[in-house]
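Peer 1: Dropping in coords.cif, which is mmCIF, C-alpha atoms:
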```cif
data_upload
loop_
_atom_site.group_PDB
_atom_site.id
_atom_site.type_symbol
_atom_site.label_atom_id
_atom_site.label_comp_id
_atom_site.auth_asym_id
_atom_site.auth_seq_id
_atom_site.Cartn_x
_atom_site.Cartn_y
_atom_site.Cartn_z
ATOM 1 C CA MET A 9 -65.258 68.296 -64.087
ATOM 2 C CA ALA A 10 -64.726 71.063 -61.529
ATOM 3 C CA ALA A 11 -68.204 72.341 -62.383
ATOM 4 C CA GLY A 12 -69.504 68.826 -61.782
ATOM 5 C CA ILE A 13 -67.852 68.539 -58.360
ATOM 6 C CA GLY A 14 -69.358 71.853 -57.321
ATOM 7 C CA LEU A 15 -72.762 70.794 -58.606
ATOM 8 C CA GLY A 16 -72.433 67.445 -56.855
ATOM 9 C CA TRP A 17 -71.567 69.172 -53.583
ATOM 10 C CA LEU A 18 -74.695 71.322 -53.871
ATOM 11 C CA LEU A 19 -76.797 68.269 -54.635
ATOM 12 C CA ARG A 20 -75.222 66.104 -51.934
ATOM 13 C CA GLY A 21 -77.608 64.025 -49.907
ATOM 14 C CA LYS A 22 -80.100 63.971 -52.749
ATOM 15 C CA LYS A 23 -80.461 60.712 -54.558
ATOM 16 C CA LEU A 24 -79.295 60.874 -58.153
ATOM 17 C CA PRO A 25 -80.366 57.532 -59.592
ATOM 18 C CA PHE A 26 -80.163 58.807 -63.151
ATOM 19 C CA LEU A 27 -76.563 60.000 -62.808
ATOM 20 C CA GLY A 28 -75.025 56.545 -62.923
ATOM 21 C CA LYS A 29 -77.161 55.710 -65.939
ATOM 22 C CA ILE A 30 -76.134 58.837 -67.856
ATOM 23 C CA THR A 31 -72.479 58.233 -66.991
ATOM 24 C CA ASN A 32 -72.695 54.626 -68.152
ATOM 25 C CA PHE A 33 -74.452 55.659 -71.335
ATOM 26 C CA LEU A 34 -71.772 58.245 -72.156
ATOM 27 C CA ILE A 35 -69.021 55.712 -71.470
ATOM 28 C CA TRP A 36 -70.717 53.268 -73.849
ATOM 29 C CA VAL A 37 -71.017 55.916 -76.553
ATOM 30 C CA LEU A 38 -67.375 56.935 -76.217
ATOM 31 C CA LEU A 39 -66.037 53.396 -76.182
ATOM 32 C CA PHE A 40 -68.217 52.588 -79.154
ATOM 33 C CA LEU A 41 -66.666 55.566 -80.957
ATOM 34 C CA LEU A 42 -63.186 54.400 -79.915
ATOM 35 C CA GLY A 43 -64.094 51.041 -81.400
ATOM 36 C CA VAL A 44 -65.243 52.708 -84.634
ATOM 37 C CA GLU A 45 -61.944 54.532 -84.854
ATOM 38 C CA VAL A 46 -59.949 51.384 -84.142
ATOM 39 C CA GLY A 47 -61.987 49.325 -86.597
ATOM 40 C CA GLY A 48 -61.487 51.889 -89.342
ATOM 41 C CA ASP A 49 -57.723 51.904 -88.867
ATOM 42 C CA GLU A 50 -56.099 49.032 -90.726
ATOM 43 C CA ARG A 51 -52.830 49.371 -88.824
ATOM 44 C CA ILE A 52 -54.448 48.935 -85.415
ATOM 45 C CA VAL A 53 -56.662 46.024 -86.479
ATOM 46 C CA ASN A 54 -53.612 44.180 -87.791
ATOM 47 C CA GLY A 55 -51.589 44.952 -84.683
ATOM 48 C CA ILE A 56 -54.281 44.187 -82.101
ATOM 49 C CA ALA A 57 -52.483 41.080 -80.808
ATOM 50 C CA THR A 58 -49.229 42.993 -80.280
ATOM 51 C CA LEU A 59 -51.122 45.828 -78.639
ATOM 52 C CA GLY A 60 -52.823 43.311 -76.371
ATOM 53 C CA VAL A 61 -49.514 41.826 -75.243
ATOM 54 C CA GLU A 62 -48.107 45.308 -74.704
ATOM 55 C CA ALA A 63 -51.179 46.187 -72.610
ATOM 56 C CA LEU A 64 -50.779 43.068 -70.481
ATOM 57 C CA VAL A 65 -47.108 43.854 -69.863
ATOM 58 C CA VAL A 66 -47.876 47.459 -68.842
ATOM 59 C CA ALA A 67 -50.643 46.234 -66.512
ATOM 60 C CA THR A 68 -48.314 43.675 -64.916
ATOM 61 C CA ALA A 69 -45.581 46.265 -64.404
ATOM 62 C CA GLY A 70 -48.076 48.604 -62.730
ATOM 63 C CA VAL A 71 -49.442 45.885 -60.464
ATOM 64 C CA ALA A 72 -45.939 44.676 -59.560
ATOM 65 C CA GLY A 73 -44.700 48.167 -58.715
ATOM 66 C CA SER A 74 -47.711 49.080 -56.598
ATOM 67 C CA CYS A 75 -47.767 45.741 -54.758
ATOM 68 C CA LEU A 76 -44.087 46.018 -53.912
ATOM 69 C CA LEU A 77 -44.630 49.415 -52.313
ATOM 70 C CA ALA A 78 -47.863 48.224 -50.640
ATOM 71 C CA TRP A 79 -45.862 45.384 -49.069
ATOM 72 C CA GLY A 80 -43.391 47.928 -47.697
ATOM 73 C CA LEU A 81 -46.202 50.081 -46.294
ATOM 74 C CA TRP A 82 -47.809 47.045 -44.643
ATOM 75 C CA ARG A 83 -44.554 46.016 -42.977
ATOM 76 C CA TRP A 84 -44.007 49.558 -41.789
ATOM 77 C CA ALA A 85 -47.543 49.933 -40.389
ATOM 78 C CA ARG A 86 -47.340 46.541 -38.685
ATOM 79 C CA SER A 87 -43.919 47.072 -37.153
ATOM 80 C CA ARG A 88 -45.048 50.357 -35.617
ATOM 81 C CA LYS A 89 -48.159 48.685 -34.262
ATOM 82 C CA GLU A 90 -46.190 45.846 -32.710
ATOM 83 C CA ALA A 91 -43.737 48.302 -31.197
ATOM 84 C CA ALA A 92 -46.670 50.197 -29.702
ATOM 85 C CA GLN A 93 -48.114 47.023 -28.190
ATOM 86 C CA ARG A 94 -44.896 46.106 -26.454
ATOM 87 C CA MET B 1 -67.983 42.019 -64.014
ATOM 88 C CA LYS B 2 -71.190 42.350 -65.993
ATOM 89 C CA GLY B 3 -70.444 46.040 -66.495
ATOM 90 C CA SER B 4 -67.031 45.218 -67.954
ATOM 91 C CA ILE B 5 -68.506 42.759 -70.414
ATOM 92 C CA ILE B 6 -71.033 45.337 -71.630
ATOM 93 C CA ILE B 7 -68.270 47.915 -72.033
ATOM 94 C CA VAL B 8 -66.021 45.557 -73.964
ATOM 95 C CA GLY B 9 -69.105 44.624 -75.985
ATOM 96 C CA PHE B 10 -69.622 48.236 -77.052
ATOM 97 C CA PHE B 11 -65.950 48.556 -77.952
ATOM 98 C CA ILE B 12 -66.101 45.419 -80.098
ATOM 99 C CA LEU B 13 -69.377 46.566 -81.677
ATOM 100 C CA GLY B 14 -67.615 49.810 -82.554
ATOM 101 C CA ILE B 15 -64.701 47.911 -84.114
ATOM 102 C CA ILE B 16 -67.106 45.920 -86.257
ATOM 103 C CA ALA B 17 -68.982 49.059 -87.308
ATOM 104 C CA GLY B 18 -65.733 50.811 -88.184
ATOM 105 C CA ARG B 19 -64.384 47.759 -89.963
ATOM 106 C CA LEU B 20 -67.435 47.369 -92.156
ATOM 107 C CA GLY B 21 -67.440 51.082 -92.858
ATOM 108 C CA TRP B 22 -70.960 51.737 -91.508
ATOM 109 C CA LEU B 23 -69.653 54.767 -89.742
ATOM 110 C CA SER B 24 -66.731 57.034 -90.295
ATOM 111 C CA ILE B 25 -65.348 58.974 -87.378
ATOM 112 C CA ASP B 26 -63.971 61.719 -89.590
ATOM 113 C CA ALA B 27 -67.390 62.705 -90.948
ATOM 114 C CA ALA B 28 -68.837 64.070 -87.712
ATOM 115 C CA GLY B 29 -67.396 61.901 -84.987
ATOM 116 C CA PHE B 30 -64.734 64.096 -83.483
ATOM 117 C CA ASP B 31 -67.106 66.700 -82.149
ATOM 118 C CA ILE B 32 -69.502 64.045 -80.909
ATOM 119 C CA SER B 33 -66.798 62.376 -78.888
ATOM 120 C CA PHE B 34 -65.537 65.650 -77.474
ATOM 121 C CA THR B 35 -69.034 66.718 -76.430
ATOM 122 C CA ALA B 36 -69.694 63.321 -74.905
ATOM 123 C CA LEU B 37 -66.364 63.520 -73.076
ATOM 124 C CA ALA B 38 -67.207 66.929 -71.610
ATOM 125 C CA LEU B 39 -70.616 65.636 -70.473
ATOM 126 C CA LEU B 40 -68.952 62.557 -69.011
ATOM 127 C CA MET B 41 -66.562 64.729 -67.001
ATOM 128 C CA LEU B 42 -69.533 66.689 -65.699
ATOM 129 C CA CYS B 43 -71.213 63.464 -64.552
ATOM 130 C CA VAL B 44 -68.025 62.120 -62.973
ATOM 131 C CA GLY B 45 -67.600 65.418 -61.152
ATOM 132 C CA ILE B 46 -71.187 65.362 -59.869
ATOM 133 C CA GLY B 47 -70.638 61.815 -58.650
ATOM 134 C CA VAL B 48 -67.422 62.764 -56.843
ATOM 135 C CA GLY B 49 -68.962 65.862 -55.311
ATOM 136 C CA SER B 50 -72.007 64.051 -53.989
ATOM 137 C CA ASP B 51 -69.914 61.186 -52.586
ATOM 138 C CA LEU B 52 -67.544 63.326 -50.543
ATOM 139 C CA GLY B 53 -69.620 62.638 -47.441
ATOM 140 C CA ALA B 54 -68.955 58.914 -47.699
ATOM 141 C CA LEU B 55 -65.349 59.551 -46.715
ATOM 142 C CA ARG B 56 -66.204 60.700 -43.211
ATOM 143 C CA ASN B 57 -65.814 57.187 -41.783
ATOM 144 C CA LEU B 58 -62.126 57.396 -42.460
ATOM 145 C CA ARG B 59 -61.141 58.560 -39.014
ATOM 146 C CA THR B 60 -61.413 54.989 -37.804
ATOM 147 C CA LEU B 61 -58.389 53.986 -39.899
ATOM 148 C CA ASP B 62 -54.723 53.724 -38.936
ATOM 149 C CA SER B 63 -53.219 56.973 -40.127
ATOM 150 C CA ARG B 64 -50.276 55.279 -41.857
ATOM 151 C CA LEU B 65 -52.611 53.259 -44.037
ATOM 152 C CA LEU B 66 -54.060 56.501 -45.380
ATOM 153 C CA LEU B 67 -50.877 56.679 -47.457
ATOM 154 C CA LEU B 68 -51.956 53.658 -49.471
ATOM 155 C CA PRO B 69 -53.338 55.624 -52.472
ATOM 156 C CA LEU B 70 -50.020 57.457 -52.796
ATOM 157 C CA VAL B 71 -48.189 54.156 -52.543
ATOM 158 C CA THR B 72 -50.345 52.725 -55.322
ATOM 159 C CA ILE B 73 -49.843 55.752 -57.544
ATOM 160 C CA PHE B 74 -46.071 55.922 -57.075
ATOM 161 C CA GLY B 75 -45.618 52.163 -57.295
ATOM 162 C CA THR B 76 -47.586 51.953 -60.537
ATOM 163 C CA LEU B 77 -45.782 54.902 -62.081
ATOM 164 C CA ALA B 78 -42.396 53.511 -61.030
ATOM 165 C CA GLY B 79 -43.233 50.123 -62.543
ATOM 166 C CA CYS B 80 -44.403 51.732 -65.787
ATOM 167 C CA ALA B 81 -41.417 54.078 -65.968
ATOM 168 C CA VAL B 82 -39.003 51.155 -65.638
ATOM 169 C CA LEU B 83 -40.940 49.287 -68.298
ATOM 170 C CA GLY B 84 -40.862 52.379 -70.502
ATOM 171 C CA PHE B 85 -37.085 52.025 -70.812
ATOM 172 C CA PHE B 86 -37.566 48.638 -72.455
ATOM 173 C CA MET B 87 -40.182 49.831 -74.918
ATOM 174 C CA PRO B 88 -38.346 52.021 -77.403
ATOM 175 C CA TRP B 89 -41.449 52.432 -79.553
ATOM 176 C CA ARG B 90 -43.252 54.260 -76.747
ATOM 177 C CA THR B 91 -42.108 57.305 -74.860
ATOM 178 C CA ILE B 92 -41.980 57.044 -71.067
ATOM 179 C CA PRO B 93 -44.799 59.603 -70.575
ATOM 180 C CA GLU B 94 -46.928 57.404 -72.847
ATOM 181 C CA THR B 95 -46.449 54.287 -70.700
ATOM 182 C CA LEU B 96 -47.028 56.448 -67.618
ATOM 183 C CA ALA B 97 -50.281 57.742 -69.119
ATOM 184 C CA VAL B 98 -51.446 54.183 -69.797
ATOM 185 C CA GLY B 99 -50.387 53.095 -66.297
ATOM 186 C CA SER B 100 -52.100 55.997 -64.575
ATOM 187 C CA GLY B 101 -55.486 54.650 -65.611
ATOM 188 C CA PHE B 102 -55.153 52.434 -62.495
ATOM 189 C CA GLY B 103 -57.795 50.071 -63.817
ATOM 190 C CA TYR B 104 -60.218 52.895 -64.659
ATOM 191 C CA TYR B 105 -60.265 51.766 -68.260
ATOM 192 C CA SER B 106 -63.266 53.660 -69.565
ATOM 193 C CA LEU B 107 -62.128 57.121 -68.611
ATOM 194 C CA SER B 108 -58.396 56.677 -69.186
ATOM 195 C CA SER B 109 -58.735 55.126 -72.630
ATOM 196 C CA ILE B 110 -61.153 57.838 -73.701
ATOM 197 C CA PHE B 111 -58.746 60.554 -72.593
ATOM 198 C CA ILE B 112 -55.745 58.917 -74.189
ATOM 199 C CA THR B 113 -57.628 58.437 -77.443
ATOM 200 C CA GLN B 114 -58.456 62.122 -77.421
ATOM 201 C CA TYR B 115 -54.856 63.191 -76.815
ATOM 202 C CA LYS B 116 -52.696 60.452 -78.315
ATOM 203 C CA GLY B 117 -54.871 58.705 -80.864
ATOM 204 C CA PRO B 118 -56.763 55.425 -81.020
ATOM 205 C CA GLU B 119 -53.717 53.144 -80.980
ATOM 206 C CA LEU B 120 -52.504 54.148 -77.521
ATOM 207 C CA GLY B 121 -56.156 54.450 -76.483
ATOM 208 C CA THR B 122 -56.629 50.775 -77.305
ATOM 209 C CA VAL B 123 -53.513 49.845 -75.328
ATOM 210 C CA ALA B 124 -54.893 51.856 -72.402
ATOM 211 C CA LEU B 125 -58.268 50.138 -72.601
ATOM 212 C CA LEU B 126 -56.729 46.657 -72.692
ATOM 213 C CA ALA B 127 -54.061 47.415 -70.069
ATOM 214 C CA ASN B 128 -56.547 48.759 -67.569
ATOM 215 C CA ILE B 129 -59.046 45.951 -68.161
ATOM 216 C CA SER B 130 -56.105 43.572 -67.618
ATOM 217 C CA ARG B 131 -55.353 45.280 -64.333
ATOM 218 C CA GLU B 132 -58.872 44.635 -63.120
ATOM 219 C CA ILE B 133 -58.760 41.015 -64.274
ATOM 220 C CA ILE B 134 -55.308 40.458 -62.723
ATOM 221 C CA THR B 135 -56.717 41.741 -59.433
ATOM 222 C CA LEU B 136 -59.875 39.630 -59.619
ATOM 223 C CA LEU B 137 -57.995 36.442 -60.430
ATOM 224 C CA GLY B 138 -54.702 37.098 -58.660
ATOM 225 C CA ALA B 139 -55.861 38.581 -55.338
ATOM 226 C CA PRO B 140 -55.112 35.427 -53.278
ATOM 227 C CA LEU B 141 -51.631 35.173 -54.776
ATOM 228 C CA LEU B 142 -50.955 38.884 -54.197
ATOM 229 C CA LEU B 143 -52.020 38.480 -50.576
ATOM 230 C CA LYS B 144 -49.520 35.654 -50.112
ATOM 231 C CA LEU B 145 -46.697 37.485 -51.834
ATOM 232 C CA SER B 146 -47.060 40.951 -50.399
ATOM 233 C CA GLY B 147 -49.661 41.176 -47.668
ATOM 234 C CA PRO B 148 -53.272 42.323 -47.337
ATOM 235 C CA LEU B 149 -52.718 45.761 -48.882
ATOM 236 C CA ALA B 150 -51.510 44.301 -52.188
ATOM 237 C CA PRO B 151 -54.930 43.322 -53.606
ATOM 238 C CA ILE B 152 -56.211 46.831 -52.801
ATOM 239 C CA SER B 153 -53.202 48.452 -54.409
ATOM 240 C CA SER B 154 -53.440 46.175 -57.411
ATOM 241 C CA GLY B 155 -57.126 46.992 -57.808
ATOM 242 C CA GLY B 156 -56.227 50.672 -58.193
ATOM 243 C CA ALA B 157 -59.268 52.802 -58.895
ATOM 244 C CA THR B 158 -61.476 49.711 -59.004
ATOM 245 C CA SER B 159 -60.857 48.881 -55.331
ATOM 246 C CA MET B 160 -64.029 50.773 -54.418
ATOM 247 C CA ASP B 161 -66.398 48.953 -56.736
ATOM 248 C CA THR B 162 -65.671 46.039 -59.059
ATOM 249 C CA THR B 163 -62.800 44.478 -57.125
ATOM 250 C CA LEU B 164 -64.156 45.371 -53.656
ATOM 251 C CA PRO B 165 -65.932 42.037 -53.097
ATOM 252 C CA ILE B 166 -62.798 40.002 -53.790
ATOM 253 C CA ILE B 167 -60.687 42.327 -51.626
ATOM 254 C CA SER B 168 -63.161 41.925 -48.786
ATOM 255 C CA ASN B 169 -62.952 38.135 -49.152
ATOM 256 C CA VAL B 170 -59.202 37.871 -49.538
ATOM 257 C CA SER B 171 -57.781 40.620 -47.326
ATOM 258 C CA GLY B 172 -60.645 40.688 -44.828
ATOM 259 C CA LYS B 173 -63.679 42.809 -43.987
ATOM 260 C CA GLU B 174 -61.612 45.188 -41.875
ATOM 261 C CA PHE B 175 -59.998 46.431 -45.097
ATOM 262 C CA VAL B 176 -63.244 47.420 -46.817
ATOM 263 C CA ILE B 177 -63.266 51.051 -45.659
ATOM 264 C CA LEU B 178 -59.595 51.440 -46.568
ATOM 265 C CA SER B 179 -60.312 49.879 -49.942
ATOM 266 C CA ILE B 180 -63.177 52.287 -50.685
ATOM 267 C CA TYR B 181 -61.133 55.279 -49.594
ATOM 268 C CA HIS B 182 -58.219 54.046 -51.697
ATOM 269 C CA GLY B 183 -60.361 53.501 -54.789
ATOM 270 C CA PHE B 184 -61.990 56.869 -54.396
ATOM 271 C CA THR B 185 -58.699 58.739 -54.083
ATOM 272 C CA VAL B 186 -56.940 56.899 -56.901
ATOM 273 C CA ASP B 187 -60.024 57.266 -59.090
ATOM 274 C CA PHE B 188 -59.981 61.001 -58.474
ATOM 275 C CA SER B 189 -56.338 61.210 -59.607
ATOM 276 C CA VAL B 190 -56.954 59.485 -62.946
ATOM 277 C CA PRO B 191 -58.185 62.449 -65.051
ATOM 278 C CA PHE B 192 -55.413 64.683 -63.741
ATOM 279 C CA LEU B 193 -52.531 62.234 -64.099
ATOM 280 C CA VAL B 194 -53.628 60.943 -67.500
ATOM 281 C CA THR B 195 -53.995 64.424 -68.992
ATOM 282 C CA PHE B 196 -50.737 65.480 -67.343
ATOM 283 C CA PHE B 197 -48.727 62.623 -68.860
ATOM 284 C CA CYS B 198 -50.424 63.082 -72.215
ATOM 285 C CA SER B 199 -49.355 66.709 -72.266
ATOM 286 C CA LEU B 200 -45.670 65.906 -71.678
#
```
Turn this file's structure into structure tokens for me.

Peer 2:
Amino acid sequence: MAAGIGLGWLLRGKKLPFLGKITNFLIWVLLFLLGVEVGGDERIVNGIATLGVEALVVATAGVAGSCLLAWGLWRWARSRKEAAQR
Amino acid sequence: MKGSIIIVGFFILGIIAGRLGWLSIDAAGFDISFTALALLMLCVGIGVGSDLGALRNLRTLDSRLLLLPLVTIFGTLAGCAVLGFFMPWRTIPETLAVGSGFGYYSLSSIFITQYKGPELGTVALLANISREIITLLGAPLLLKLSGPLAPISSGGATSMDTTLPIISNVSGKEFVILSIYHGFTVDFSVPFLVTFFCSL
């Protein structure tokens, strides 16, 4: 990845229309392979509903935590702004 | 949204292929996925490197709001750590690794599969897709509950692409630059945080 960032910096400003396509293609291949692995594993196939619920709960916890802090940051930024306007 | 459907489509296609035994990952698959992962990292890196210039507009933003990516990262990790206490079948670093995908489901689930196996990888894929969907559907509610930064924070790494249109609609156009900067920064943290929590 570090090599990629360096390469990207050197190539900056140039249009790289193929890059997004290659990236997408690799993501498809890898997720397809993840699917193959999941499909071949009896335990995961049987537990997919439980895993789905677990995933939803983790996602909700992450969203809740970040939104709570974002609310705090917003109040802080706004209070300073209002103080500055006074 | 179309991109997500295609990605889920490939995942499901893979499940079917694996289920019917057309392909077996043990035969040759491990090296293929590692090579593809290394190539993917190269592409992601090139993309990041060539996009660095796009961040120059940032000076127009309120300096306090530049903290938003950190707020998102810490808030998410805190939420997942708390949840981790209630999930005895997972270790806390595992829930943190899933959480630190920040909606970047493709990359995070691939990493987690590589380090922790396909079961947690599947959880990561579903959890991070859920995060994107929660943001797309819940943005107006999040705005009401916790202000205009909440949809951006909730979007995580996706706040610069897939959830940007809804953020622009819900929070307002003046938040678009912040949202792109936020997505970019959080996105950048994903490979590091995910591998870090997987190694714990």

Peer 1: Output as a count of residues only the set of chain B residues within 7 Å of chain A, with distances taken over all atoms listed in the file.

Peer 2: 55

Peer 1: Return as JSON, numbers by chain the set of residues that the PyMOL selection byres ((chain B and resi 100) around 10) yields on the displayed structure.

Peer 2: {"A": [70], "B": [72, 73, 74, 76, 77, 80, 94, 95, 96, 97, 98, 99, 101, 102, 103, 104, 105, 108, 124, 128, 156, 157, 186, 187, 189, 190, 191, 192, 193, 194, 195, 196, 197]}

Peer 1: What's the separation between CA of Ile112 (chain B) and CA of Pro165 (chain B), in Å to one decimal place?

Peer 2: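 Distance reported for this atom pair: 28.9 Å.
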
Peer 1: Any idea what the distance is between CA of Ser179 (chain B) and CA of Leu125 (chain B)?

Peer 2: 22.8 Å

Peer 1: Just the number, please: distance in Å from CA of Asp161 (chain B) to CA of Ala57 (chain A), one decimal.

Peer 2: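 Rounded to one decimal, the two atoms are 28.9 Å apart.
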
Peer 1: For the structure provided, state which residues fall under the PyMOL selection byres ((chain B and resi 171) around 12), and present them as an MDAnalysis selection string.

Peer 2: chainID B and resid 139:144 146:153 159 163:170 172:179
